[in-house]
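Report on one structure; see the data block that follows.
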Amino acid sequence: MDPVGHPSTVPGDGVVTEQRGRGVMFAVGLGMTNVGFYVASIGVVLVVLAGDLGLPVENLAWFGSTFGYGLLLAAFAGPFLLRLGPRAVLALAAVLLGAGSLALALSSVPVVAYAGAALQGLGAAGIILVAPGLLHGPGAEGKLTAVNAAASVAGVCAPLLLGAATSLGLGGRLPLVLISVSMAVLAVAALRMVPEPAEVVTADTREPLVRSLAVRRWLALVLSVSVEFSFVVWGVARLAATGLDAGGAALVGAAFPIGMALGRIAGPALIARFSMIPVGSALAGAGSLLVVLAQVWPLVGLGQLLAGFGIATFYPITLARLMSTPGLRPEWGASLGALASGTAITVVPTLLAVLAGLTDLRLAFLVALPLLGALLWLHHERRSGAR
C-alpha cells in the first residue's frame, strides 16, 4: 500500500511483505519455543539446583516466581521499553534469556545461579511482551496460536531432556545450554528482521467505552492464564495424591502439556471453524470435573489431557482480542497482556494452594469451573459490545 492507502504498484512489494512476514514469524516462533522450554524446565531445575547446592527445596521457593515477577516488571516498563522498537527489545530479551540460561546451566556458585534465574525471567518476559505486537493484525489469533503451539511442544520435550541428562550423569541443568545457543541465533535474527510498519492509533484510550472494553478483555486474559497455570503448577501434585510416586506423577503429568500442544497445533484450523472460547470451556470444564471426581490416576490424567486441549487456544485468542481493542495503542496492549499473565501466574496458583490448605487439593480444582464461567461471560460481553 502507498502512504495514502492505495494498492502498491512497486514491483516485488508482495514478495517483500511475504519475506517480512516469514522473518517475523521465525523470530517470534523461535523466541516462544525457548520460552516454552524455559517455563517447563522450572520445576525440574528447581529440584536439581537445590540438590547441587545442598539446599532444601523450600529455600528456593522464590525460584518458580521469577517469570511472574519478570512479567510484572515488563508490564510496567513496556510502554517505555517498546519505544526502542521491537527488534531492539526482542534482541535484548534474547541476550538476557540466553545469558541467564548459560549461567544457570554451568555455574556452581549460588549467587551466579540465582542471577541467571533472574535474567531468565526477565528475558522470557521480554519475549512475551514484544511477541503480540509483532504478530498484531489480520490473522493474529492463528499466528499467536501457532507460535504458542511451538512453545507447548518444547514444553513437553524439556522435562524429558533434563531428566535424561540427569540419568546420564551429565547434570540436570546442562540442557539449558540449548536455550543459550538458540538465543544467540534469535538476537541476530531480531536485528536483521524487518517488522511491519507501526500502526497509527488516533483514538483516545481514555474514552470510557474504550477503557471499559480494555478492562473486560484484560480480565478475560487473566482468567485464561489462571486456568492454565493452575494445572501447570498443581497438576502433578493432584496425580501424586492418587498414590503415584513422584516419578510416575511427573510422567503422567505430561498429559496436560501434551493436550495443550495438540490443541495449539490444531488451533488455527479450529479457530477458523468454531468459537473456541465456548467450545474450549466445555472441554476444559469436563476435564476439570474428571480431575476432581476421579480417584484413580488414569482418569485424572485423562481429565488433564482433556482440560489441556480445551484450554489451549484461550491465551492466544484473548491476547489477540486485547491487542485489537479499538483505540488501544499496541505498546499499551502488549504491556497489559504481560500484566495479565504476570498477575495470573503469581496470584492464582497461590490461591489454589491456600484452598488446598483449607480443603483437599482434589476439591480445590473446582476453582477452575467459576473461572471458566466468568471467562464465558466476558467473552459474550466482548462479542456483543464491541465486535
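Letters for chains follow the order of the C-alpha cells (A, B, ...), residue numbers begin at 1 for each chain, and ligand numbers begin at 1 in the order shown.
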
Point to revise | Within 7 Å of Gly36 in chain A using only C-alpha atoms, minus same-chain residues under 3 positions, as a ChimeraX atom specification | key: /A:32-33,39-40,151-152,154-155

Please save all heavy atoms of the selected residues as a short mmCIF file (atom, residue, chain, number, x, y, z; two decimals), in the first residue's frame.
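The resulting selection_4.cif:
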```cif
data_model
loop_
_atom_site.label_atom_id
_atom_site.label_comp_id
_atom_site.auth_asym_id
_atom_site.auth_seq_id
_atom_site.Cartn_x
_atom_site.Cartn_y
_atom_site.Cartn_z
N MET A 32 9.37 -17.90 21.31
CA MET A 32 8.33 -18.54 22.10
C MET A 32 8.65 -20.01 22.36
O MET A 32 8.29 -20.56 23.41
CB MET A 32 6.98 -18.41 21.39
CG MET A 32 6.44 -16.98 21.37
SD MET A 32 6.16 -16.31 23.02
CE MET A 32 4.92 -17.46 23.63
N THR A 33 9.31 -20.68 21.41
CA THR A 33 9.73 -22.06 21.63
C THR A 33 10.64 -22.16 22.84
O THR A 33 10.49 -23.05 23.69
CB THR A 33 10.44 -22.60 20.38
OG1 THR A 33 9.54 -22.61 19.27
CG2 THR A 33 10.95 -24.02 20.61
N VAL A 39 9.94 -22.33 30.70
CA VAL A 39 8.86 -22.45 31.69
C VAL A 39 8.70 -23.90 32.13
O VAL A 39 8.56 -24.19 33.33
CB VAL A 39 7.54 -21.90 31.11
CG1 VAL A 39 6.37 -22.21 32.05
CG2 VAL A 39 7.64 -20.39 30.88
N ALA A 40 8.74 -24.83 31.18
CA ALA A 40 8.56 -26.25 31.52
C ALA A 40 9.74 -26.80 32.31
O ALA A 40 9.60 -27.81 33.01
CB ALA A 40 8.36 -27.07 30.25
N ALA A 151 5.78 -23.44 21.46
CA ALA A 151 6.16 -23.35 22.87
C ALA A 151 5.66 -24.57 23.65
O ALA A 151 6.37 -25.10 24.51
CB ALA A 151 5.61 -22.07 23.48
N SER A 152 4.46 -25.01 23.34
CA SER A 152 3.89 -26.16 24.04
C SER A 152 4.65 -27.45 23.72
O SER A 152 4.89 -28.28 24.60
CB SER A 152 2.41 -26.32 23.68
OG SER A 152 1.65 -25.22 24.16
N ALA A 154 7.79 -27.64 22.85
CA ALA A 154 9.06 -27.53 23.58
C ALA A 154 8.85 -27.81 25.06
O ALA A 154 9.71 -28.41 25.72
CB ALA A 154 9.65 -26.14 23.38
N GLY A 155 7.69 -27.40 25.58
CA GLY A 155 7.39 -27.66 26.98
C GLY A 155 7.25 -29.13 27.29
O GLY A 155 7.59 -29.57 28.40
#
```

Each residue of range 55-98 of chain A lying at most 9 Å from range 312-332 of chain A should get a row with its shortest atom-to-atom pair and the distance in Å to one decimal, counting only C-alpha atoms; could you produce that, ordered by chain and increasing number, as a Markdown table?
```
| residue | atom | partner | partner_atom | distance |
| --- | --- | --- | --- | --- |
| A:Ala75 | CA | A:Trp332 | CA | 8.7 |
| A:Gly78 | CA | A:Glu331 | CA | 6.8 |
| A:Pro79 | CA | A:Glu331 | CA | 5.3 |
| A:Phe80 | CA | A:Glu331 | CA | 8.5 |
| A:Leu81 | CA | A:Glu331 | CA | 8.9 |
| A:Leu82 | CA | A:Glu331 | CA | 6.3 |
| A:Arg83 | CA | A:Glu331 | CA | 8.2 |
```

Practice item. Mind giving me the straight-line distance from CA of Pro175 in chain A to CA of Ala93 in chain A in Å, one decimal? Key: 19.5 Å

Exercise for review: Quick one: everything within 10 Å of Val130 in chain A, counting only C-alpha atoms, minus sequence neighbours fewer than 2 positions away in the same chain. Send it as a VMD selection string.
Suggested key: chain A and resid 28 74 78 81 to 82 85 to 90 93 125 to 128 132 to 135 330 to 331 334 to 335 338

Review point. Can you list every residue in range 51-288 of chain A that DSSP puts in alpha helix (DSSP H), as a PyMOL selection string?
Key: chain A and resi 51-53+66-81+86-106+110-134+140-167+177-192+208-240+246-252+255-265+267-273+276-288

Practice item. Identify, on the basis of only C-alpha atoms, every residue whose closest approach to Ala368 in chain A does not exceed 9 Å; exclude the query and any residue fewer than 4 positions from it along the same chain; express the result as a ChimeraX atom specification. Key: /A:226-227,230,284-285,288,364,372-373

**Study point:** Shortest interatomic distance to Thr350 in chain A - which of A:Ser65, A:Ile311, A:Arg173, A:Cys157, counting only C-alpha atoms
**Key:** A:Ser65

Point to revise | Pick from A:Leu361, A:Ile258, A:Ala140, A:Leu355, whichever lies nearest to Gly310 in chain A using only C-alpha atoms | key: A:Ile258

Practice item. Kindly indicate which residue among A:Ala113, A:Ile265, A:Val236, A:Leu213 lies nearest to His379 in chain A, using only C-alpha atoms for the distances. Key: A:Leu213

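Taking CA of Phe256 in chain A as the reference point, CA of Val348 in chain A is found at 17.7 Å.
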
Review point. From the set A:Ala158, A:Leu219, A:Val109, A:Ala103, which residue has the shortest atom-to-atom contact distance to Ser180 in chain A, counting only C-alpha atoms?
Key: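 Using only C-alpha atoms, the shortest distance to Ser180 in chain A belongs to A:Ala103.
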
Review point. Phe365 in chain A: which residues within 12 Å, counting only C-alpha atoms, same-chain residues fewer than 2 positions away excluded, as a ChimeraX atom specification?
Key: /A:226-231,233-235,237-238,284-285,287-294,300,303-304,307,348-349,351-356,359-363,367-372

Check your understanding: Hey, what's within 8 Å of Phe67 in chain A if we count only C-alpha atoms and toss same-chain stuff fewer than 3 positions away? As a PyMOL selection string, please?
Key -> chain A and resi 39+64+70-71+120-122+124-125+342
